[in-house]
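This is data.txt (compact mmCIF, C-alpha atoms).
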```txt
# COMPACT_ATOMS: atom_id res chain seq x y z
CA MET T 78 11.01 42.88 -3.85
CA LYS T 79 9.91 42.91 -0.22
CA ALA T 80 9.78 39.57 1.59
CA TRP T 81 9.51 38.17 5.13
CA PRO T 82 12.08 35.36 5.62
CA LEU T 83 12.20 33.46 8.90
CA TYR T 84 15.82 33.37 10.06
CA ALA T 85 15.28 31.45 13.29
CA ILE T 86 12.39 30.63 15.58
CA GLY T 87 10.79 33.96 16.42
CA ASP T 88 13.10 35.88 14.09
CA ILE T 89 11.04 36.93 11.09
CA ARG T 90 11.86 40.23 9.40
CA MET T 91 11.04 42.12 6.27
CA GLU T 92 13.91 42.59 3.87
CA THR T 93 14.55 43.54 0.26
CA ARG T 94 15.52 40.75 -2.11
CA SER T 95 16.05 40.44 -5.84
CA LYS T 96 12.85 39.60 -7.67
CA PRO T 97 13.06 35.99 -8.91
CA HIS T 98 12.63 34.91 -12.53
CA ALA T 99 10.64 31.99 -13.89
CA GLY T 100 12.72 28.95 -14.79
CA HIS T 101 11.84 26.09 -17.11
CA GLY T 102 8.27 24.94 -16.49
CA GLU T 103 7.65 27.76 -14.05
CA VAL T 104 5.77 31.04 -13.91
CA LEU T 105 6.46 34.16 -11.89
CA LEU T 106 3.50 35.25 -9.81
CA LYS T 107 2.87 38.65 -8.36
CA VAL T 108 1.32 37.64 -5.04
CA ARG T 109 -2.08 39.29 -4.85
CA ALA T 110 -3.42 37.63 -1.69
CA CYS T 111 -1.95 35.32 0.94
CA GLY T 112 -3.74 34.08 4.04
CA ILE T 113 -1.99 33.63 7.36
CA CYS T 114 -2.78 30.07 8.41
CA GLY T 115 -3.12 29.00 12.02
CA SER T 116 -0.16 26.67 11.39
CA ASP T 117 2.00 29.69 10.51
CA ILE T 118 1.99 30.86 14.14
CA PRO T 119 3.77 27.82 15.64
CA ARG T 120 5.91 27.64 12.49
CA VAL T 121 7.19 31.17 13.13
CA TYR T 122 7.26 31.23 16.92
CA SER T 123 7.89 27.70 18.20
CA LYS T 124 8.59 25.03 15.57
CA GLY T 125 10.45 26.81 12.81
CA THR T 126 10.69 25.93 9.14
CA TYR T 127 12.71 22.97 7.85
CA SER T 128 15.71 25.20 7.16
CA PHE T 129 16.61 28.87 7.63
CA PRO T 130 16.06 31.34 6.18
CA THR T 131 12.70 30.40 4.61
CA ILE T 132 9.80 32.64 3.63
CA PRO T 133 6.49 31.32 5.08
CA GLY T 134 3.08 31.56 3.41
CA HIS T 135 1.23 28.72 1.66
CA GLU T 136 -2.38 29.96 1.22
CA PHE T 137 -2.01 32.26 -1.78
CA SER T 138 -3.01 33.39 -5.23
CA GLY T 139 -1.47 35.78 -7.70
CA GLU T 140 -1.17 37.22 -11.16
CA ILE T 141 1.11 35.54 -13.70
CA ILE T 142 3.53 38.22 -14.90
CA GLU T 143 6.26 36.08 -16.49
CA VAL T 144 6.51 32.56 -17.91
CA GLY T 145 9.55 30.36 -18.23
CA GLU T 146 10.61 28.09 -21.04
CA GLY T 147 7.99 25.49 -21.85
CA CYS T 148 5.05 27.63 -20.64
CA ASP T 149 2.43 29.30 -22.82
CA GLU T 150 2.91 33.07 -22.98
CA SER T 151 -0.86 33.54 -23.16
CA LEU T 152 -0.88 32.81 -19.40
CA ILE T 153 0.62 36.24 -18.71
CA GLY T 154 -1.98 38.40 -17.02
CA ARG T 155 -4.07 35.46 -15.81
CA GLY T 156 -4.85 34.93 -12.15
CA ALA T 157 -4.09 31.63 -10.43
CA ALA T 158 -4.50 29.83 -7.13
CA VAL T 159 -1.56 27.66 -6.11
CA PHE T 160 -1.37 24.12 -4.75
CA PRO T 161 1.62 24.57 -2.40
CA LEU T 162 2.69 20.93 -2.20
CA MET T 163 5.29 19.90 -4.77
CA PRO T 164 5.27 16.09 -4.94
CA CYS T 165 8.03 13.99 -6.48
CA ARG T 166 5.37 12.42 -8.78
CA SER T 167 7.34 9.18 -8.92
CA CYS T 168 6.86 7.40 -5.57
CA SER T 169 4.16 4.79 -4.97
CA ALA T 170 1.77 7.34 -3.43
CA CYS T 171 2.18 9.76 -6.32
CA GLU T 172 1.59 6.96 -8.83
CA ILE T 173 -2.01 6.69 -7.58
CA GLY T 174 -2.56 10.43 -7.24
CA GLN T 175 -2.13 10.54 -3.44
CA PHE T 176 0.21 13.51 -3.59
CA ALA T 177 -0.38 14.46 0.06
CA LEU T 178 1.29 11.17 1.01
CA CYS T 179 4.32 11.73 -1.23
CA GLU T 180 7.50 10.24 0.21
CA ASN T 181 9.78 13.02 -1.08
CA TYR T 182 7.80 16.23 -1.39
CA ASN T 183 8.61 19.92 -1.15
CA TYR T 184 6.22 22.50 0.26
CA MET T 185 6.03 26.23 -0.31
CA GLY T 186 6.16 28.17 2.92
CA SER T 187 7.76 25.52 5.12
CA ARG T 188 10.31 23.49 3.13
CA CYS T 189 11.00 26.16 0.53
CA ASP T 190 10.11 29.84 0.13
CA GLY T 191 6.44 30.74 0.27
CA ALA T 192 4.28 33.76 -0.42
CA PHE T 193 4.98 36.24 2.38
CA ALA T 194 6.65 38.16 -0.45
CA GLU T 195 5.72 40.36 -3.38
CA TYR T 196 6.68 37.72 -5.98
CA ILE T 197 7.18 33.96 -6.09
CA THR T 198 8.05 31.41 -8.78
CA VAL T 199 5.65 28.47 -9.05
CA PRO T 200 5.77 25.28 -11.15
CA LEU T 201 3.15 25.31 -13.88
CA TRP T 202 1.80 21.98 -12.56
CA ASN T 203 0.81 23.65 -9.28
CA LEU T 204 -1.32 26.38 -10.86
CA LEU T 205 -5.10 26.51 -11.01
CA LEU T 206 -6.34 29.33 -13.20
CA ILE T 207 -8.94 31.46 -11.46
CA PRO T 208 -12.37 31.31 -13.14
CA GLU T 209 -14.38 34.41 -13.87
CA GLY T 210 -16.13 35.81 -10.83
CA VAL T 211 -13.59 34.59 -8.27
CA SER T 212 -11.46 37.21 -6.52
CA TYR T 213 -7.79 36.82 -5.63
CA GLU T 214 -8.73 36.82 -1.95
CA GLU T 215 -11.21 33.98 -2.43
CA ALA T 216 -8.67 32.09 -4.53
CA ALA T 217 -6.15 32.41 -1.67
CA MET T 218 -8.62 30.50 0.52
CA VAL T 219 -8.86 27.47 -1.75
CA GLU T 220 -6.27 25.62 0.36
CA PRO T 221 -8.24 25.59 3.66
CA ALA T 222 -11.50 25.09 1.75
CA ALA T 223 -10.03 22.04 -0.01
CA VAL T 224 -8.82 20.62 3.32
CA ALA T 225 -12.36 20.99 4.71
CA LEU T 226 -13.87 19.47 1.57
CA HIS T 227 -11.50 16.51 1.77
CA ALA T 228 -12.53 15.83 5.38
CA LEU T 229 -16.21 15.78 4.47
CA ARG T 230 -15.58 13.51 1.50
CA GLN T 231 -14.03 11.00 3.92
CA ALA T 232 -17.25 11.13 5.94
CA GLY T 233 -19.55 10.31 3.03
CA ILE T 234 -22.33 12.60 4.27
CA SER T 235 -25.88 11.72 3.27
CA ILE T 236 -28.71 14.19 2.72
CA GLY T 237 -30.35 15.01 6.05
CA ASP T 238 -27.42 13.94 8.22
CA THR T 239 -26.66 15.74 11.45
CA VAL T 240 -23.06 16.96 11.22
CA LEU T 241 -21.24 17.91 14.43
CA ILE T 242 -18.04 19.98 14.23
CA TYR T 243 -15.68 20.59 17.13
CA GLY T 244 -13.63 23.75 16.51
CA ALA T 245 -14.86 27.06 15.11
CA GLY T 246 -11.65 28.21 13.47
CA PRO T 247 -11.60 29.13 9.78
CA ILE T 248 -11.63 25.50 8.65
CA GLY T 249 -14.37 24.62 11.14
CA MET T 250 -16.53 27.40 9.72
CA ILE T 251 -15.75 26.32 6.16
CA LEU T 252 -16.67 22.76 7.14
CA SER T 253 -20.03 24.09 8.28
CA LEU T 254 -20.57 25.90 4.98
CA TRP T 255 -19.66 22.79 3.00
CA ALA T 256 -21.96 20.59 5.10
CA ASP T 257 -24.84 22.94 4.35
CA ILE T 258 -24.07 22.82 0.61
CA TRP T 259 -23.87 19.03 0.87
CA GLY T 260 -27.42 18.77 2.20
CA ALA T 261 -26.84 18.19 5.90
CA GLY T 262 -30.07 18.33 7.86
CA ARG T 263 -28.52 20.02 10.87
CA ILE T 264 -25.06 21.43 11.56
CA LEU T 265 -23.85 21.67 15.16
CA LEU T 266 -20.74 23.74 15.91
CA VAL T 267 -18.89 23.58 19.24
CA ASP T 268 -16.06 25.80 20.48
CA ILE T 269 -14.88 27.52 23.66
CA ASP T 270 -14.61 31.02 22.13
CA GLU T 271 -17.91 32.91 22.19
CA GLU T 272 -16.66 35.53 19.72
CA LYS T 273 -15.97 32.83 17.13
CA LEU T 274 -19.36 31.27 17.69
CA ALA T 275 -21.07 34.66 17.39
CA PHE T 276 -19.23 35.24 14.11
CA ALA T 277 -20.28 31.80 12.89
CA ARG T 278 -23.90 32.72 13.52
CA THR T 279 -23.53 35.70 11.19
CA LEU T 280 -22.66 33.15 8.48
CA GLY T 281 -25.93 31.32 9.08
CA ILE T 282 -24.47 28.63 11.35
CA THR T 283 -27.24 28.86 13.93
CA HIS T 284 -26.69 25.81 16.17
CA THR T 285 -23.65 26.69 18.27
CA CYS T 286 -22.47 25.64 21.72
CA ASN T 287 -19.90 27.26 23.97
CA ALA T 288 -18.24 24.28 25.65
CA ALA T 289 -16.57 26.60 28.16
CA THR T 290 -19.93 27.48 29.70
CA SER T 291 -22.15 24.52 28.70
CA ASP T 292 -22.04 20.73 28.76
CA ALA T 293 -21.29 20.03 25.09
CA VAL T 294 -22.22 16.35 25.32
CA ALA T 295 -25.61 17.07 26.87
CA TRP T 296 -26.20 19.90 24.36
CA VAL T 297 -25.62 17.59 21.41
CA LEU T 298 -27.72 14.76 22.81
CA VAL T 299 -30.67 17.08 23.40
CA ARG T 300 -30.54 18.21 19.77
CA THR T 301 -30.25 14.69 18.39
CA ASP T 302 -32.99 13.03 20.49
CA GLY T 303 -30.34 11.26 22.53
CA LYS T 304 -28.75 9.48 19.54
CA GLY T 305 -25.77 11.67 18.70
CA ALA T 306 -24.61 13.06 15.37
CA ASP T 307 -24.40 10.99 12.20
CA VAL T 308 -20.97 12.47 11.44
CA THR T 309 -18.64 14.16 13.91
CA ILE T 310 -15.52 16.07 12.87
CA GLU T 311 -12.87 16.73 15.49
CA GLY T 312 -11.28 19.91 14.17
CA ALA T 313 -9.96 21.44 17.38
CA GLY T 314 -7.04 19.12 18.03
CA SER T 315 -7.80 18.91 21.75
CA SER T 316 -8.18 15.90 24.02
CA VAL T 317 -11.47 17.23 25.37
CA SER T 318 -13.14 17.42 21.96
CA PHE T 319 -11.53 14.10 20.98
CA GLU T 320 -13.14 12.50 24.03
CA ASN T 321 -16.46 14.26 23.54
CA ALA T 322 -16.63 13.13 19.92
CA MET T 323 -16.94 9.51 21.07
CA HIS T 324 -19.89 10.37 23.34
CA THR T 325 -21.77 12.51 20.80
CA THR T 326 -21.75 10.28 17.73
CA ARG T 327 -24.63 7.89 17.12
CA PRO T 328 -24.19 4.10 16.93
CA PHE T 329 -22.59 3.12 13.62
CA GLY T 330 -21.71 6.80 13.05
CA LYS T 331 -18.43 8.24 11.81
CA VAL T 332 -15.81 10.33 13.56
CA ILE T 333 -13.38 12.22 11.33
CA LEU T 334 -10.12 13.30 12.97
CA MET T 335 -8.58 16.38 11.36
CA GLY T 336 -7.55 18.82 14.10
CA ASN T 337 -3.84 19.58 14.44
CA PRO T 338 -2.98 18.70 18.05
CA ALA T 339 -0.81 20.97 20.17
CA GLY T 340 0.09 18.04 22.43
CA ASP T 341 -0.83 14.45 23.20
CA MET T 342 -4.40 13.39 22.40
CA LYS T 343 -5.80 11.34 25.27
CA LEU T 344 -8.89 9.16 25.45
CA THR T 345 -10.47 7.78 28.61
CA GLN T 346 -11.46 4.15 29.06
CA LYS T 347 -15.10 5.26 28.82
CA GLY T 348 -14.40 7.03 25.55
CA TYR T 349 -12.70 3.93 24.19
CA TRP T 350 -15.66 1.81 25.21
CA GLU T 351 -17.92 4.13 23.23
CA ILE T 352 -15.96 3.33 20.06
CA LEU T 353 -16.52 -0.38 20.66
CA ARG T 354 -20.09 -0.38 21.86
CA ARG T 355 -21.34 2.18 19.36
CA ASN T 356 -19.49 0.47 16.51
CA LEU T 357 -17.99 3.81 15.52
CA THR T 358 -15.90 4.27 12.41
CA ILE T 359 -12.83 6.45 13.08
CA ILE T 360 -11.27 8.05 10.00
CA GLY T 361 -8.18 10.19 9.75
CA THR T 362 -7.95 12.90 7.11
CA TRP T 363 -4.93 14.79 5.85
CA ASN T 364 -4.51 17.67 3.43
CA SER T 365 -6.55 17.46 0.21
CA TYR T 366 -6.80 15.68 -3.13
CA TYR T 367 -5.25 17.28 -6.24
CA ALA T 368 -5.44 14.48 -8.81
CA ASN T 369 -8.18 14.71 -11.43
CA LEU T 370 -9.67 11.28 -10.70
CA PRO T 371 -12.04 10.82 -8.99
CA VAL T 372 -12.19 14.57 -8.39
CA ASN T 373 -9.69 17.41 -8.04
CA GLU T 374 -10.90 18.98 -4.81
CA TRP T 375 -9.10 22.23 -5.58
CA GLN T 376 -10.94 22.62 -8.87
CA LEU T 377 -14.21 21.74 -7.14
CA VAL T 378 -13.61 24.52 -4.60
CA LEU T 379 -12.94 27.06 -7.34
CA SER T 380 -16.03 26.07 -9.31
CA SER T 381 -18.16 26.19 -6.15
CA ILE T 382 -16.94 29.72 -5.41
CA ALA T 383 -17.55 30.78 -9.01
CA SER T 384 -21.10 29.42 -8.94
CA GLY T 385 -21.88 31.30 -5.73
CA LYS T 386 -22.47 28.13 -3.71
CA LEU T 387 -19.44 28.60 -1.48
CA ARG T 388 -18.93 32.09 -0.03
CA LEU T 389 -15.52 32.53 1.57
CA ALA T 390 -14.99 36.29 1.45
CA PRO T 391 -17.13 36.92 4.58
CA LEU T 392 -14.56 34.98 6.65
CA ILE T 393 -11.84 37.58 5.98
CA THR T 394 -11.69 39.89 8.99
CA HIS T 395 -8.30 41.54 8.42
CA ARG T 396 -6.49 42.70 5.28
CA VAL T 397 -2.94 44.02 5.64
CA PRO T 398 -0.22 45.25 3.27
CA ILE T 399 3.07 43.38 3.09
CA GLU T 400 4.70 45.80 5.51
CA LYS T 401 2.26 44.72 8.26
CA ILE T 402 2.72 40.94 8.03
CA GLY T 403 4.92 40.98 11.14
CA ASP T 404 2.31 42.91 13.11
CA ALA T 405 -0.40 40.52 11.92
CA LEU T 406 1.61 37.49 13.04
CA GLN T 407 2.12 39.02 16.49
CA MET T 408 -1.58 39.86 16.75
CA LEU T 409 -2.51 36.27 15.98
CA ARG T 410 0.10 34.90 18.38
CA ASP T 411 -1.05 37.17 21.22
CA ARG T 412 -4.75 37.00 20.27
CA SER T 413 -4.88 40.72 20.89
CA GLU T 414 -7.77 41.15 18.45
CA PHE T 415 -10.60 38.93 17.34
CA SER T 416 -9.93 37.50 13.90
CA VAL T 417 -11.03 34.68 11.63
CA LYS T 418 -8.97 34.93 8.45
CA VAL T 419 -6.12 37.43 8.27
CA MET T 420 -4.78 38.08 4.79
CA TYR T 421 -1.89 39.93 3.19
CA VAL T 422 -3.14 41.64 0.03
CA GLN T 423 -1.34 43.48 -2.75
CA ASN T 424 -2.93 45.50 -5.55
```
Show how you would write the structure in this file as structure tokens.
Amino acid sequence: MKAWPLYAIGDIRMETRSKPHAGHGEVLLKVRACGICGSDIPRVYSKGTYSFPTIPGHEFSGEIIEVGEGCDESLIGRGAAVFPLMPCRSCSACEIGQFALCENYNYMGSRCDGAFAEYITVPLWNLLLIPEGVSYEEAAMVEPAAVALHALRQAGISIGDTVLIYGAGPIGMILSLWADIWGAGRILLVDIDEEKLAFARTLGITHTCNAATSDAVAWVLVRTDGKGADVTIEGAGSSVSFENAMHTTRPFGKVILMGNPAGDMKLTQKGYWEILRRNLTIIGTWNSYYANLPVNEWQLVLSSIASGKLRLAPLITHRVPIEKIGDALQMLRDRSEFSVKVMYVQN
């Protein structure tokens, strides 16, 4: 099979490897779609994986073509999305279903081989069968959609709330779509990239602000009658949006921190005072929830796509064959083309 292992920081190359076989409790997937996550760019070009060589790629779906011992052969031919985190399922966090906080986990695409390949073996436990009406490409976007869903569930949005989102990347746009489904009264999206904001408007996200050319704080306050948003989500991972979030959230409102920072996150004394005087609730969010109680967020994403409530396919701007994964990574690194979600697809 063809695969793209990362041999060192910046050294990713396509090579031919032996196709793997499903072991006990595993299935062999033919990768049908795999998104390139924003985190894959620093992973390939600046941070590296946990060991070398490792094949990146953690947002993926595929067709089950082989099952190992202990797996039902009727699964062959079925499509599945994949939860890429492999928890130990025995630590204190795992005991209460908080798999994202596992003390001894593995992770496809960073700690072990991922899906920038034609085939991959996956534990049966990590599979979610794709319901009728959901494409492989949509199923490959369950991971970012579940991360966005998890963030909003931390916020406890009420019908009619004004939801403010800093960061118009793929997850920021998905957050906006979820907030609309949830019954938000108004969704405000802030970014510094006008192309992203223009794309967001094609999705029906009409209230957008370019913070590079406008005063984002003033813009929000005008649209909230001077109060600020009920819920603010910092999804950009920048000190500026972190600071602004404190000035644009109403008294007794909530600020959800989910952006992956590229450096230190700094807050001014004035911003800190806003937390105190406005009685703000600051909540961190991480990954997503895979246990069945109270709700498996991955299954909820799949059912929402199947019902037509959540439409993710319009976010895909680029589809490439496996041979072009390297070119796609360079394009994203250099920002040489506008893109939202870039995806490797295989028929």
*For a cut-off of 12 Å around (-10.3, 21.0, 15.7), file coordinates, pick out all residues using all atoms listed in the file and list them as an MDAnalysis selection string.*
chainID T and resid 115 225 228 241:250 252 266:269 309:319 322 333:339 342
*Please identify all polymer residues within 7 Å of Gly156 of chain T, counting only C-alpha atoms, omitting same-chain residues fewer than 2 positions from it, and present them as a ChimeraX atom specification.*
/T:139-141,154,206-207
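Atom to atom, atom CA of Arg300 of chain T and atom CA of Ala232 of chain T stand 20.4 Å apart.
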_Using only C-alpha atoms for the distances, tell me which of T:Leu406, T:Ala275, T:Val378, T:Leu205 is nearest to Leu254 of chain T._
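Looking at the shortest contact to Leu254 of chain T, the residue is T:Val378.
The gap separating atom CA of Met408 of chain T from atom CA of Met91 of chain T is 16.6 Å, in Å to one decimal.
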_Spatial neighbours of Ala194 of chain T, max dist 10 Å, only C-alpha atoms, sep filter under 2 positions, as an MDAnalysis selection string_ = chainID T and resid 78:82 91:94 96 107:109 111 132:134 190:192 196:197 399:400 402 421 423
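Across T:Gly237, T:Pro328, T:Gly210, T:Pro161, the tightest approach to Arg388 of chain T is made by T:Gly210 when counting all atoms listed in the file.
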_Residue with smallest distance to Leu178 of chain T - pool T:Thr362, T:Pro208, T:Arg396, T:Leu409, counting only C-alpha atoms_ =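 Comparing T:Thr362, T:Pro208, T:Arg396, T:Leu409 against Leu178 of chain T, the winner is T:Thr362.
The smallest atom-to-atom distance between Thr301 of chain T and any of T:Gln346, T:Trp255, T:Glu209, T:Val240, using only C-alpha atoms, is found for T:Val240.
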Please identify all polymer residues within 9 Å of His227 of chain T, counting all atoms listed in the file, omitting same-chain residues fewer than 5 positions from it, and present them as a compact mmCIF listing (two decimals) with C-alpha atoms, keeping the file's coordinate frame.
```txt
# COMPACT_ATOMS: atom_id res chain seq x y z
CA ALA T 222 -11.50 25.09 1.75
CA ALA T 232 -17.25 11.13 5.94
CA THR T 362 -7.95 12.90 7.11
CA TRP T 363 -4.93 14.79 5.85
CA ASN T 364 -4.51 17.67 3.43
CA SER T 365 -6.55 17.46 0.21
CA TYR T 366 -6.80 15.68 -3.13
CA GLU T 374 -10.90 18.98 -4.81
```
_So that I can check the surroundings of Cys165 of chain T, please list as a PyMOL selection string every protein, DNA and RNA residue that reaches within 7 Å of it, counting only C-alpha atoms and ignoring chain neighbours fewer than 4 positions away._
chain T and resi 179+181-182
_Between atom CA of Lys124 of chain T and atom CA of Ser187 of chain T, what distance in Å does the model show, to one decimal?_
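Distance between the two atoms: 10.5 Å.
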Report as JSON lines: every residue of segment 317-422 of chain T with an atom at most 8 Å from segment 171-176 of chain T, its closest pair of atoms, and their distance in Å to one decimal, counting all atoms listed in the file, with rows sorted by chain and ascending residue number.
```
{"residue": "T:Tyr366", "atom": "CA", "partner": "T:Gln175", "partner_atom": "CA", "distance": 7.0}
{"residue": "T:Tyr367", "atom": "CA", "partner": "T:Phe176", "partner_atom": "CA", "distance": 7.1}
{"residue": "T:Ala368", "atom": "CA", "partner": "T:Gly174", "partner_atom": "CA", "distance": 5.2}
{"residue": "T:Leu370", "atom": "CA", "partner": "T:Gly174", "partner_atom": "CA", "distance": 8.0}
```
_Close residues, Phe160 of chain T itself excluded, 9 Å, only C-alpha atoms, min 5 positions apart in chain, as a list of chain:residue names_ =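 So, after excluding close chain neighbours, the residues are T:His135, T:Glu136, T:Phe137, T:Met185, T:Trp202, T:Asn203, T:Leu204, T:Leu205, T:Val219, T:Glu220, T:Tyr367, T:Trp375.
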*Choose the residue, out of T:Tyr349, T:Gln407, T:Ser151, T:Tyr127, that has the smallest atom-to-atom separation from Ile89 of chain T; count only C-alpha atoms.*
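Answer, going by the shortest atom-to-atom distance: T:Gln407.
Among the candidate residues T:Cys189, T:Val121, T:Ala256, T:Ala295, the one lying nearest to Gly87 of chain T is T:Val121, with distances computed using all atoms listed in the file.
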